[in-house]
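Shown next, in structure tokens, is the structure this report addresses.
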Number of protein chains: 4
Amino acid sequence: MITKENIWEHNFAHEELHKRQLDHLATSLTDQGIVVEDLLKKLDDFQIAIPSWALGTGGTRFGRFPEGGEPRSLDEKIEDVGLLHQLSGSCNAISLHIPWDIPDDAQAIKSLANSFGLKFDAVNSNTFQDQPNASFSYKFGSLCHVDKAVREEAIAHNKSVIDHGVSLGSKALTVWLADGSNFPGQHNFREALKRTQESLEEIYAYLPGDWHMLIEYKPYEPNFYSMVIPDWGTSHLLASQLGEKALSLVDLGHHLPNTNIEQIVAILMMREKLGGFHFNDSKYGDDDLTTGSLKPYQLFLIFNELIDGTEHTGNPPLSWMIDASHNLKDPLEDLLQAVEAIKIAYAQALIVNRLNLEEAQRKNDVARAQQILQDAFRTDVRPLVAASRLRQGGVFDPVTVYRQLEIRKNLIQKRGTKTISTGL
Amino acid sequence: MITKENIWEHNFAHEELHKRQLDHLATSLTDQGIVVEDLLKKLDDFQIAIPSWALGTGGTRFGRFPEGGEPRSLDEKIEDVGLLHQLSGSCNAISLHIPWDIPDDAQAIKSLANSFGLKFDAVNSNTFQDQPNASFSYKFGSLCHVDKAVREEAIAHNKSVIDHGVSLGSKALTVWLADGSNFPGQHNFREALKRTQESLEEIYAYLPGDWHMLIEYKPYEPNFYSMVIPDWGTSHLLASQLGEKALSLVDLGHHLPNTNIEQIVAILMMREKLGGFHFNDSKYGDDDLTTGSLKPYQLFLIFNELIDGTEHTGNPPLSWMIDASHNLKDPLEDLLQAVEAIKIAYAQALIVNRLNLEEAQRKNDVARAQQILQDAFRTDVRPLVAASRLRQGGVFDPVTVYRQLEIRKNLIQKRGTKTISTGL
Amino acid sequence: MITKENIWEHNFAHEELHKRQLDHLATSLTDQGIVVEDLLKKLDDFQIAIPSWALGTGGTRFGRFPEGGEPRSLDEKIEDVGLLHQLSGSCNAISLHIPWDIPDDAQAIKSLANSFGLKFDAVNSNTFQDQPNASFSYKFGSLCHVDKAVREEAIAHNKSVIDHGVSLGSKALTVWLADGSNFPGQHNFREALKRTQESLEEIYAYLPGDWHMLIEYKPYEPNFYSMVIPDWGTSHLLASQLGEKALSLVDLGHHLPNTNIEQIVAILMMREKLGGFHFNDSKYGDDDLTTGSLKPYQLFLIFNELIDGTEHTGNPPLSWMIDASHNLKDPLEDLLQAVEAIKIAYAQALIVNRLNLEEAQRKNDVARAQQILQDAFRTDVRPLVAASRLRQGGVFDPVTVYRQLEIRKNLIQKRGTKTISTGL
Amino acid sequence: MITKENIWEHNFAHEELHKRQLDHLATSLTDQGIVVEDLLKKLDDFQIAIPSWALGTGGTRFGRFPEGGEPRSLDEKIEDVGLLHQLSGSCNAISLHIPWDIPDDAQAIKSLANSFGLKFDAVNSNTFQDQPNASFSYKFGSLCHVDKAVREEAIAHNKSVIDHGVSLGSKALTVWLADGSNFPGQHNFREALKRTQESLEEIYAYLPGDWHMLIEYKPYEPNFYSMVIPDWGTSHLLASQLGEKALSLVDLGHHLPNTNIEQIVAILMMREKLGGFHFNDSKYGDDDLTTGSLKPYQLFLIFNELIDGTEHTGNPPLSWMIDASHNLKDPLEDLLQAVEAIKIAYAQALIVNRLNLEEAQRKNDVARAQQILQDAFRTDVRPLVAASRLRQGGVFDPVTVYRQLEIRKNLIQKRGTKTISTGL
């Protein structure tokens, strides 16, 4: 839908502005001893996966207000991610959710994705909704269920998700369990965790040699008294006992009020057990709002740990993924805003003066340590992010181009107003 | 479905046990100077409304696992509440949600309700979901909407809800607004509240002379950055400016973490502006769990304020209603458990030695004040609650009778497994 | 301690850098239609009061680790604020706490303050600690106390604080009450609030005609079950009933987890009842950390409301004050960092494109509304803040100058290492 | 201070009442198949340690309001605990804090304790306050400090605490670290944790063969951005790596809002790594209020897990200790109220019908599982707790006896009003 000419015209119109801004920033950074080209390379390489379920309008238990033009098939989901990648140059992967996204013809799907420059990130299993032809219900849990037959169905489903992933070239399975309890007494906490561990062991044994299992945690919802894997401690316990291929996955919204998430990131990387990230933002709980829209400084601090951990630990490379719900905004615009916020936070964290920070820490110079982080965060790094985007073939201002080309209108014309993307 | 004989048999079988327990408790209470008959009368009179939307299986944004036998019509909802009232003797009213429960023939519906001894409590408007034939969408708000036409549709809807309520004999309109914003910048807080106030003024002007308007508040969900009426302060501001017939409604789940709800209850009653209650319980947020299942002492403390406020202020009589979601339990069992917990808390609060408490407060005898409340709470008042239930024609143990008579099985046979009650 | 030459040298050394940065920013802003000189004037005028109690090292209930050189007297406190004002050009007032800061000779103190260009902001009463010669204890409350004699002592103290304030030229009394309860039953919420209101009425009646009373609220600490004025709703209730001169004061740390403070600010201004601000930051509760060190975007959003409210409501001019505790950092460095963060947030909020924002709100263009705020926040406005500081006679980089001149070392030499500033 | 005659008189006066209540309860329990004598034995055996620092009046950073008569020495602290044990029969141990409670003559202290039937529970080290003759400050941490010399001082202190403990017959060292940071950047999370682990390894190596090290965790305070050991996950990580003698200690107040503490207890016991408990209660944070005064149902649920874990895991025997602050109440009365609440919760948990609960769990009968726990909790077990207390030589109603004998008045006469017990 977007031609090279569209891109060229837009970028050309902003060329002068961009150059002036970038020059100013580059001078500043160079004065600080930073090699701008190194920065740009890191930004170029930083790619964020788009989850297939975030391409449609989300909602709450109270209602859902779709705008139309949502992808009706896996093919159309891939097209949407392709469009995001074309504009931003930063989304070279899609993360699928099975059974919502079972590929009929894996080879054809791979080719399609390939034509957009896309790869397949972690595949996600779903044992929190009953499937039409299922023998058993997950009402009372899946991998933790008291009934072995239900657990086996859930295990088999996870194995089949791995199979689908293998066929597409994925290298990781993300397991998020909605298992938990609503009332005291419902679960024997210990037994529920033991059964979950045993189920995960079976799935783990089925993992291909070059795969990882990413174990997500969440303190509440859909269960409101306890979740079987409520916190990083439990996720890490499971990952440690399963083996090297099992890692913890951090979703920013899955924490109790006031949790210091950046510290969790640091400790998991110290243990070399952080597997990936689900980006979003929140004010109250698992609000699934656009990344960076509420707590941009926290996002920066998390990237600060990620960079530090990458440099100083043997933690394996991480999976980056957005996991948000777009209840009021156009999903594609929302995702573009999220990608921008993530890259800004990453760029800010890259320009932290780490030598000075280490010195300040060594001297317990608290005021200076704070200042060093704030200096990086207060820097307007948008020109850098734009420069990297342009190098990747993207556009100077993705949302503006998206609007000027009336892409949503086109999608609605093509797909209709009543389309509902599978997902939440 | 439950015959008088069923009831008699069950109660007869437990007569001796009940008598022994009640005698022991009555002796204890009498020794403390409490007139047991007065207590029982108060318990008899305490009736809790059942909301029509709580009769079906609820869910979260992730899934919904209905068990079957849910009421398919307003008639069947009334039958279900009749059944709860028959068993518990404490649910003599139903609260309807429009447009889910529009009565085709108000007179017939009233007669049906009457045959079960039921009245119609507050009617609830719904401007948080789009209606099939609506001209406008509530995606971006209803009474607060920037577009006057949308506000007018929402106002007209509320007026029509009042009309339906009048036809059924209701005396109150409950307004819960899902209006709010998901991101900073979306709303001008001030303007959104002003528009809301103006809309409420129009609805208020339409209220019959003997009606109340109950204004609910909630800090978040379905919007995750701001709600137009987030807290008791805003609800009270609106109610004060609207006039005497406008009151605040407290839903236990609608508070930020750690809120002292009992204090809010006390202050609203001091202002003579508390209109009613939505009972439920929660561990994390608006979890809508069974009342008393997580924080029974908080429930007791709230009743302690309600009794104190009723005795010492001119606050108008309150509307009591359960507002819960039954995701995993049979809705009718869940409601019976809630009614029991509410009456236990009420009974415990009734036996607080208020003279001693006042004395302890006057003397700043903190340890004794705490002890006085704990003494009441630690008393096993279940025999009293059972005695009142029996006086009202109910059964000794409602859930047990419900199970022994296999009522859910009967309902499924009659209504089918795939029935879905309107509601959340 | 800081000579004009010191200042000139430092500023001269950074002149070129500053000019380059300012020029770049000014070009950008001018391109957006912003008149930079107007911005600078607003920044010049924005002055933040320093509380006398923040000049010493703070602590927690566990310990306190002072660094030395703390002011030993009111004179020395004024000197310290003078120094902050000299460096930052933004702290032209001091806020006193009585009885910690009773001036022996008000005229002399005024002259001293005047010599530093300082005024006296709101005076603060203290009824949360027992005074050596007090007749009564505030252990069980002050203005809310069940015993009239204690209330009268607290009322008399507040009146005497007003007297001291009058003698120094203050125009406001800030009332923060530590009154509350630790256990259910200790307080009758209603009676405690009534007594508080009556006590405040007496103090209010004593206020000079051109004074304001600022009523602070706080949900917990030093009492851990209830506070008599726990939230903005209660503060506003009291202020409304007292009269026009009574206003609410918002302390950023005095809120339950996840509270939307910017919305409270907006609503209080809509009611024309916001009186002032206590700046600090926090991650968990009333942490009293340096403003802007944890949630800079929230600070920006609050300023966004303050500016909007100032333009569109009749709210009286606000009192701005820092209220922080410096447990680990040099108090003066910490205050300089806070002033910088506050002015940055203010400058960012000043450049929000309000016309565009209103249009986006009118059109429910959520993505654009978010973007407009983020565009302002992501702008590096430090050159503007520095420019205003230089116009006010301050220095390019206050903390650096403070360190280069070894001011703390000088203060320790002059005042000793064991000095303990009165306060918390 | 309390004679055998005092006790006899009081108990005799309540004998009839007690007998009636106990008989009624015993009949009820026996009907449910519970062997009352077994229950009583378990209650008899359940002993709770009193921390030496809880015998004086506590406070907040804002103030402290002591009542007088506080113990001035270790001897007097032991006398106070002796008195609590005499009244309650449930406090046969004291937990010391070094350096507040260094015994001059360990043998004499042991004899004194022995004369009251007291043992020495876990000893606690203190590296959160600077000691008068210390070479280094803990301002910036102790076991985590960047400076090896400070760490060595803290390690040496812990070793000396072990020595003191050995001399008194203790068998455990409790380590609570106030180490943490107030601002982002201050700490390198990873390095701080690594240094802490290394320091703990040195202390661990010094532990006698039959000792345990109990590692406490806390999310915030006295540091308000990060704590080195913020959560059970980190505590467990350290305990796992240190070895068999290292265990986690749960303090009820040391959790983020809404944490499911009972689940943490269950998982730590499943790992056989729970070492002990600090009892208190809270509404907002680490409020250190009387155990059971705010969330009695949570306390019951925790005991439910403790009993289940004790029966079904190989977790070592636990250390039970109160850790509360008495700001407004007489510390001894407060402790008596805490002991009562703890024993009530324990007794309620003991009568949970575990066979039925397991069956309900197996069948996913959520309503019944909830009911089984509520049935136990709603039972008035005070007669059982009283019966056990009487069997242990204690009194029917400890607080009443304490008041009737005017013990506080006696203590004030003996010790003065201005005594300040060491501690917080």
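Identifiers in this document derive from the order of the structure tokens: chains are assigned A, B, ..., residues are numbered from 1 separately in each chain, and ligands are numbered from 1 in order of occurrence.
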
If we count only C-alpha atoms and set the cut-off at 9 Å, which residues sit around range 77-83 of chain D, ignoring sequence neighbours fewer than 2 positions away in its own chain? Please answer as a short mmCIF file (atom, residue, chain, number, x, y, z; two decimals) with C-alpha atoms, in the first residue's frame.
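See out_8.cif below for the written result:
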data_model
loop_
_atom_site.label_atom_id
_atom_site.label_comp_id
_atom_site.auth_asym_id
_atom_site.auth_seq_id
_atom_site.Cartn_x
_atom_site.Cartn_y
_atom_site.Cartn_z
CA MET D 1 4.64 -9.01 90.07
CA ILE D 2 1.89 -11.51 89.51
CA ALA D 49 9.19 -15.52 70.69
CA ILE D 50 9.04 -11.91 71.84
CA PRO D 51 11.61 -9.59 70.33
CA SER D 52 13.47 -7.49 72.85
CA TRP D 53 12.86 -4.35 70.78
CA LEU D 55 9.01 -4.09 74.74
CA GLU D 70 10.03 0.66 79.70
CA PRO D 71 12.75 -1.86 80.41
CA ARG D 72 16.10 -0.16 80.94
CA SER D 73 18.28 -3.21 80.57
CA LEU D 74 18.41 -6.69 79.17
CA ASP D 75 17.44 -7.98 82.60
CA HIS D 85 4.77 -15.81 79.42
CA GLN D 86 3.29 -16.04 82.89
CA LEU D 87 0.01 -14.55 81.67
CA SER D 88 -0.24 -16.27 78.31
CA CYS D 91 5.90 -16.86 74.99
CA ASN D 92 8.72 -19.04 76.15
CA ALA D 93 11.46 -17.27 74.24
CA ILE D 94 13.04 -13.90 73.68
CA ILE D 109 21.32 -13.74 81.79
CA LEU D 112 17.53 -15.16 84.77
CA ALA D 113 15.73 -16.24 81.61
CA SER D 115 13.93 -18.60 86.09
CA PHE D 116 11.06 -17.34 83.91
CA GLY D 117 11.01 -20.46 81.76
CA LEU D 118 12.47 -18.57 78.82
CA LEU D 332 2.80 -5.41 76.90
CA SER D 421 14.03 1.00 75.83
#

- Query: What are the residues of chain D that have an atom within 8 Å of an atom of chain A, counting only C-alpha atoms, as a ChimeraX atom specification?
  - Reply: /D:140,146-147,183-190,225-226,232-234,256-260,263,266-267,270,301,357,360-362,364-366,369-370,372-373

- Enumerate, as an MDAnalysis selection string, the complete set of residues in range 220-365 of chain D that a backbone-based DSSP assignment places in alpha helix (DSSP H). chainID D and resid 232:242 261:270 296:312 331:350 354:362

- Task: Quick one: everything within 12 Å of Ile155 in chain C, counting only C-alpha atoms, minus sequence neighbours fewer than 6 positions away in the same chain. Send it as a VMD selection string.
- Result: chain C and resid 125 to 127 142 to 145 148 to 149 161 to 162 175 177 195 to 206

Neighbouring residues of Asp375 in chain D were defined as those with any atom within 12 Å, considering only C-alpha atoms; residues of the same chain fewer than 5 positions away were excluded. Please report them as a PDB file with N, CA, C and O atoms, in the first residue's frame.
ATOM      1  N   GLY A 185      -8.557 -21.874  49.258  1.00  0.00           N
ATOM      2  CA  GLY A 185      -9.015 -23.248  49.376  1.00  0.00           C
ATOM      3  C   GLY A 185      -9.122 -23.948  48.036  1.00  0.00           C
ATOM      4  O   GLY A 185      -8.997 -25.167  47.960  1.00  0.00           O
TER       5      GLY A 185
ATOM      6  N   SER B 293     -15.283 -13.289  50.994  1.00  0.00           N
ATOM      7  CA  SER B 293     -14.399 -14.435  50.759  1.00  0.00           C
ATOM      8  C   SER B 293     -12.927 -14.095  50.949  1.00  0.00           C
ATOM      9  O   SER B 293     -12.093 -14.978  51.047  1.00  0.00           O
ATOM     10  N   GLN B 337     -23.707 -17.907  49.136  1.00  0.00           N
ATOM     11  CA  GLN B 337     -22.549 -17.706  50.022  1.00  0.00           C
ATOM     12  C   GLN B 337     -22.354 -16.224  50.344  1.00  0.00           C
ATOM     13  O   GLN B 337     -21.997 -15.857  51.467  1.00  0.00           O
ATOM     14  N   GLU B 340     -24.976 -15.062  52.912  1.00  0.00           N
ATOM     15  CA  GLU B 340     -24.595 -15.560  54.242  1.00  0.00           C
ATOM     16  C   GLU B 340     -23.488 -14.676  54.847  1.00  0.00           C
ATOM     17  O   GLU B 340     -23.571 -14.257  56.001  1.00  0.00           O
ATOM     18  N   ALA B 341     -22.478 -14.385  54.050  1.00  0.00           N
ATOM     19  CA  ALA B 341     -21.353 -13.592  54.562  1.00  0.00           C
ATOM     20  C   ALA B 341     -21.803 -12.184  54.956  1.00  0.00           C
ATOM     21  O   ALA B 341     -21.348 -11.631  55.965  1.00  0.00           O
ATOM     22  N   ASP B 380     -19.179 -16.389  67.059  1.00  0.00           N
ATOM     23  CA  ASP B 380     -19.765 -17.198  65.988  1.00  0.00           C
ATOM     24  C   ASP B 380     -21.268 -16.915  65.947  1.00  0.00           C
ATOM     25  O   ASP B 380     -22.047 -17.481  66.700  1.00  0.00           O
ATOM     26  N   VAL B 381     -21.667 -16.034  65.037  1.00  0.00           N
ATOM     27  CA  VAL B 381     -23.070 -15.604  64.981  1.00  0.00           C
ATOM     28  C   VAL B 381     -23.888 -16.410  63.973  1.00  0.00           C
ATOM     29  O   VAL B 381     -25.049 -16.078  63.716  1.00  0.00           O
ATOM     30  N   ARG B 382     -23.299 -17.435  63.410  1.00  0.00           N
ATOM     31  CA  ARG B 382     -24.037 -18.200  62.401  1.00  0.00           C
ATOM     32  C   ARG B 382     -25.379 -18.731  62.920  1.00  0.00           C
ATOM     33  O   ARG B 382     -26.363 -18.740  62.162  1.00  0.00           O
TER      34      ARG B 382
ATOM     35  N   SER D  28     -19.111 -29.498  69.690  1.00  0.00           N
ATOM     36  CA  SER D  28     -19.133 -29.199  68.255  1.00  0.00           C
ATOM     37  C   SER D  28     -17.975 -29.868  67.529  1.00  0.00           C
ATOM     38  O   SER D  28     -18.152 -30.493  66.484  1.00  0.00           O
ATOM     39  N   LEU D  29     -16.783 -29.704  68.091  1.00  0.00           N
ATOM     40  CA  LEU D  29     -15.595 -30.243  67.424  1.00  0.00           C
ATOM     41  C   LEU D  29     -15.625 -31.765  67.421  1.00  0.00           C
ATOM     42  O   LEU D  29     -15.284 -32.403  66.422  1.00  0.00           O
ATOM     43  N   GLN D  32     -17.550 -33.191  64.843  1.00  0.00           N
ATOM     44  CA  GLN D  32     -16.894 -33.142  63.530  1.00  0.00           C
ATOM     45  C   GLN D  32     -15.744 -34.141  63.434  1.00  0.00           C
ATOM     46  O   GLN D  32     -15.004 -34.151  62.447  1.00  0.00           O
ATOM     47  N   TYR D 297      -8.268 -12.843  58.476  1.00  0.00           N
ATOM     48  CA  TYR D 297      -8.488 -13.997  57.587  1.00  0.00           C
ATOM     49  C   TYR D 297      -7.191 -14.363  56.867  1.00  0.00           C
ATOM     50  O   TYR D 297      -6.892 -15.542  56.668  1.00  0.00           O
ATOM     51  N   PHE D 300      -5.160 -16.395  59.186  1.00  0.00           N
ATOM     52  CA  PHE D 300      -5.686 -17.770  59.211  1.00  0.00           C
ATOM     53  C   PHE D 300      -5.209 -18.543  57.976  1.00  0.00           C
ATOM     54  O   PHE D 300      -4.777 -19.700  58.074  1.00  0.00           O
ATOM     55  N   GLN D 348      -7.865 -22.043  64.586  1.00  0.00           N
ATOM     56  CA  GLN D 348      -8.823 -22.131  63.480  1.00  0.00           C
ATOM     57  C   GLN D 348      -8.262 -22.978  62.336  1.00  0.00           C
ATOM     58  O   GLN D 348      -8.978 -23.781  61.725  1.00  0.00           O
ATOM     59  N   ALA D 349      -6.978 -22.799  62.067  1.00  0.00           N
ATOM     60  CA  ALA D 349      -6.372 -23.554  60.972  1.00  0.00           C
ATOM     61  C   ALA D 349      -6.272 -25.031  61.325  1.00  0.00           C
ATOM     62  O   ALA D 349      -6.351 -25.907  60.456  1.00  0.00           O
ATOM     63  N   LEU D 350      -6.104 -25.318  62.630  1.00  0.00           N
ATOM     64  CA  LEU D 350      -6.010 -26.717  63.048  1.00  0.00           C
ATOM     65  C   LEU D 350      -7.323 -27.469  62.846  1.00  0.00           C
ATOM     66  O   LEU D 350      -7.322 -28.691  62.685  1.00  0.00           O
ATOM     67  N   ILE D 351      -8.446 -26.750  62.891  1.00  0.00           N
ATOM     68  CA  ILE D 351      -9.729 -27.460  62.771  1.00  0.00           C
ATOM     69  C   ILE D 351     -10.264 -27.492  61.331  1.00  0.00           C
ATOM     70  O   ILE D 351     -11.396 -27.923  61.104  1.00  0.00           O
ATOM     71  N   VAL D 352      -9.467 -27.013  60.396  1.00  0.00           N
ATOM     72  CA  VAL D 352      -9.874 -27.159  58.991  1.00  0.00           C
ATOM     73  C   VAL D 352      -9.990 -28.641  58.666  1.00  0.00           C
ATOM     74  O   VAL D 352      -9.094 -29.423  58.985  1.00  0.00           O
ATOM     75  N   ASN D 353     -11.088 -29.004  58.042  1.00  0.00           N
ATOM     76  CA  ASN D 353     -11.271 -30.404  57.670  1.00  0.00           C
ATOM     77  C   ASN D 353     -10.472 -30.693  56.402  1.00  0.00           C
ATOM     78  O   ASN D 353     -10.931 -30.504  55.282  1.00  0.00           O
ATOM     79  N   ASN D 356     -11.768 -33.270  53.701  1.00  0.00           N
ATOM     80  CA  ASN D 356     -12.808 -32.691  52.853  1.00  0.00           C
ATOM     81  C   ASN D 356     -12.230 -31.657  51.888  1.00  0.00           C
ATOM     82  O   ASN D 356     -12.654 -31.545  50.745  1.00  0.00           O
ATOM     83  N   LEU D 357     -11.274 -30.895  52.390  1.00  0.00           N
ATOM     84  CA  LEU D 357     -10.671 -29.865  51.540  1.00  0.00           C
ATOM     85  C   LEU D 357      -9.968 -30.505  50.345  1.00  0.00           C
ATOM     86  O   LEU D 357     -10.113 -30.063  49.207  1.00  0.00           O
ATOM     87  N   ARG D 368     -17.304 -25.303  47.744  1.00  0.00           N
ATOM     88  CA  ARG D 368     -17.139 -26.098  48.959  1.00  0.00           C
ATOM     89  C   ARG D 368     -15.768 -25.859  49.595  1.00  0.00           C
ATOM     90  O   ARG D 368     -15.645 -25.773  50.819  1.00  0.00           O
ATOM     91  N   ALA D 369     -14.739 -25.751  48.777  1.00  0.00           N
ATOM     92  CA  ALA D 369     -13.401 -25.495  49.323  1.00  0.00           C
ATOM     93  C   ALA D 369     -13.411 -24.191  50.117  1.00  0.00           C
ATOM     94  O   ALA D 369     -12.897 -24.120  51.241  1.00  0.00           O
ATOM     95  N   GLN D 370     -14.006 -23.173  49.519  1.00  0.00           N
ATOM     96  CA  GLN D 370     -14.130 -21.892  50.225  1.00  0.00           C
ATOM     97  C   GLN D 370     -14.884 -22.071  51.544  1.00  0.00           C
ATOM     98  O   GLN D 370     -14.477 -21.569  52.594  1.00  0.00           O
ATOM     99  N   ASP D 380     -15.806 -19.987  66.735  1.00  0.00           N
ATOM    100  CA  ASP D 380     -15.252 -19.218  67.852  1.00  0.00           C
ATOM    101  C   ASP D 380     -14.357 -20.131  68.682  1.00  0.00           C
ATOM    102  O   ASP D 380     -14.839 -20.877  69.532  1.00  0.00           O
ATOM    103  N   VAL D 381     -13.072 -20.062  68.429  1.00  0.00           N
ATOM    104  CA  VAL D 381     -12.133 -20.986  69.078  1.00  0.00           C
ATOM    105  C   VAL D 381     -11.505 -20.395  70.335  1.00  0.00           C
ATOM    106  O   VAL D 381     -10.603 -20.995  70.925  1.00  0.00           O
TER     107      VAL D 381
END

Residues within 7 Å of Leu294 in chain B, only C-alpha atoms, excluding chain neighbours under 4 positions, as a PDB file with N, CA, C and O atoms, in the first residue's frame:
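Listing of result14.pdb after writing:
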ATOM      1  N   ASP B 281     -16.062  -8.795  46.859  1.00  0.00           N
ATOM      2  CA  ASP B 281     -14.784  -8.812  47.568  1.00  0.00           C
ATOM      3  C   ASP B 281     -13.664  -8.877  46.538  1.00  0.00           C
ATOM      4  O   ASP B 281     -13.908  -9.149  45.363  1.00  0.00           O
ATOM      5  N   SER B 282     -12.464  -8.590  46.971  1.00  0.00           N
ATOM      6  CA  SER B 282     -11.374  -8.541  46.019  1.00  0.00           C
ATOM      7  C   SER B 282     -10.051  -8.628  46.737  1.00  0.00           C
ATOM      8  O   SER B 282      -9.927  -8.264  47.900  1.00  0.00           O
ATOM      9  N   LYS B 283      -9.070  -9.117  46.016  1.00  0.00           N
ATOM     10  CA  LYS B 283      -7.700  -9.115  46.525  1.00  0.00           C
ATOM     11  C   LYS B 283      -6.837  -8.119  45.766  1.00  0.00           C
ATOM     12  O   LYS B 283      -5.894  -7.568  46.323  1.00  0.00           O
TER      13      LYS B 283
END

- Task: Tell me, as a PyMOL selection string, which residues lie within 12 Å of Glu244 in chain D, counting only C-alpha atoms; anything in the same chain fewer than 2 positions away does not count.
- Result: chain D and resi 204-205+207+209-214+236+238-242+246-248+271-275+315-316

- Message: Could you pull out the strand (DSSP E or B) residues of range 181-320 of chain B, going by DSSP on the backbone, and write them as a ChimeraX atom specification?
- Response: /B:181,212-216,226-227,246-251,274-279,281,289,319-320
